[in-house]
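One structure is given here, and the rest of the page talks about it.
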Amino acid sequence: MDTYLDHNATTPVRPEAAAAVTGALARCGNASSVHRFGRLARRAVDDARQAVAALVGVTPANVVFTSGGTEANNLALRSVPGAVLVSAVEHASVLDARPDAMRVPVDGNGLVSLDALAAALDGGAALVSVMLANNETGVIQPVADVAALVHEHGALLHCDAVQAAGKIPVSMSGLGIDMLTLSAHKLGGPQGVGALLVRDGLETEPLLRGGGQERSRRAGTENVPAIAGFGAAAQAAGEALSDAAGLARLRDDLETRVLECVPDATIHGTNAPRVANTSCIGLPNLTGEFQVMSLDLAGIAVSAGSACSSGKVTPSHVLEAMGLDADGARNAIRVSLGWTTTRDDIDRFIDAWSRMARTDEAPGEVRRSVA
Ligand code: PLP
């Protein structure tokens, strides 16, 4: 039986979300149409808007539905003219949205340096983007402290909360965030839908024009089935937040057994606060790519922190930013648990991982990391 431990890549669709998607697909209606069919579609979108807003403690008017986290990050980063600062460990959809942005360093635990941020802000910036939880390590940034600094300097704060929402309680206003990104498929909704939440009174410049949808902040017919699924997933994920303690026990057990088996393995980010589901494990002399392929052959799905969407493996920019050399940044895998994970999954992972970590059978060139 295959074991899926790659929930940070995408997590299985929750049954509530699947039912909402199929229910919406079975109905016809454009949410902009004024007739009854349109009004029903509009109601599905409005209900979802309410649920998504509630997950991060805002009102429905703050929600702009997008095609996913990538689009929401691009919308946020490209809607503010002026200089931008980003943490060095952001997702590519933040880093590449504004290649001109100055990167603020993180420490060895993956936490953004507040001193470096303050110094960079002294140089002038209009917008800062710091994520809430990192997709590779699970490290949680001190976003409330970041927000206080950013606002002292008169700048705006965008926060990519894609890997945090549904895993920890998130209050957009409590953390002082001006714009916040969510993605449905990381919390049990369908792929291809997300949202940018924009605080009251803040105007954003649309990326897509040609329609008045989403209060003219994102043109294009709303993806009603996906949005309905997002809403159902947001509600279910919010109700299941207390399951995090159980996930943390499974993750901690996994890490303890990994270190018992190979004492010189490293758990990256372990000295910082982390979301309960993520473990980034470095193994000397075995590339992440090799580990992922080897575990896949054993029926275990994980990912290499360093793998990008093209499948090409480069050293992880997150681990490099945390001070690892190129080998260290290549030799890690990300194991991410989720709402379907059981103790048996952990046992199967440990069984396969320890066999892989101890084996000397693989040819040297494949096993060894490239300098
Ligand atoms: N931000 C983070 C932290 C992510 O992990 C991801 C997806 O991996 C994204 C943004 C992009 O989200 P989406 O897949 O919805 O475009």
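Following the order of the structure tokens, chains are lettered A, B, ..., residues in each are numbered from 1, and ligands are numbered from 1.
The protein and nucleic acid residues lying at most 7 Å from segment 11-16 of chain A are His185, Lys186, Leu187, Gly188, Gly189, Pro190, Ala232, Ala233 and Gly338 of chain A, with only C-alpha atoms considered and sequence neighbours fewer than 5 positions away removed.
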- Non-local contacts of Arg49 of chain A (7 Å; only C-alpha atoms; under 2 positions in same chain excluded) as a PyMOL selection string: chain A and resi 45-47+51-53+60+63+231
- Check the smallest atom-to-atom distance from each of A:Lys167, A:Arg42, A:Arg199, A:Arg257 to Cys28 of chain A using only C-alpha atoms, then report the winner. A:Arg42
- Select from segment 91-331 of chain A everything DSSP, run on the backbone, classes as strand (DSSP E), then give the selection as a PyMOL selection string. chain A and resi 102-104+127-129+156-160+179-183+194-198+266-267+278-282+300-301+303-304
- Query: Leaving out segment 208-219 of chain A and any residue of its chain fewer than 3 positions from it, which residues lie within 9 Å of it when counting only C-alpha atoms, given as JSON, numbers by chain?
  - Reply: {"A": [32, 61, 63, 64, 65, 66, 75, 203, 204, 205, 222]}
- Query: Mind checking DSSP for segment 84-182 of chain A and telling me the helix (DSSP H, G or I) residues as JSON, numbers by chain?
  - Reply: {"A": [92, 93, 94, 95, 114, 115, 116, 117, 118, 119, 120, 121, 122, 143, 144, 145, 146, 147, 148, 149, 150, 151, 152, 172, 173, 174, 175]}
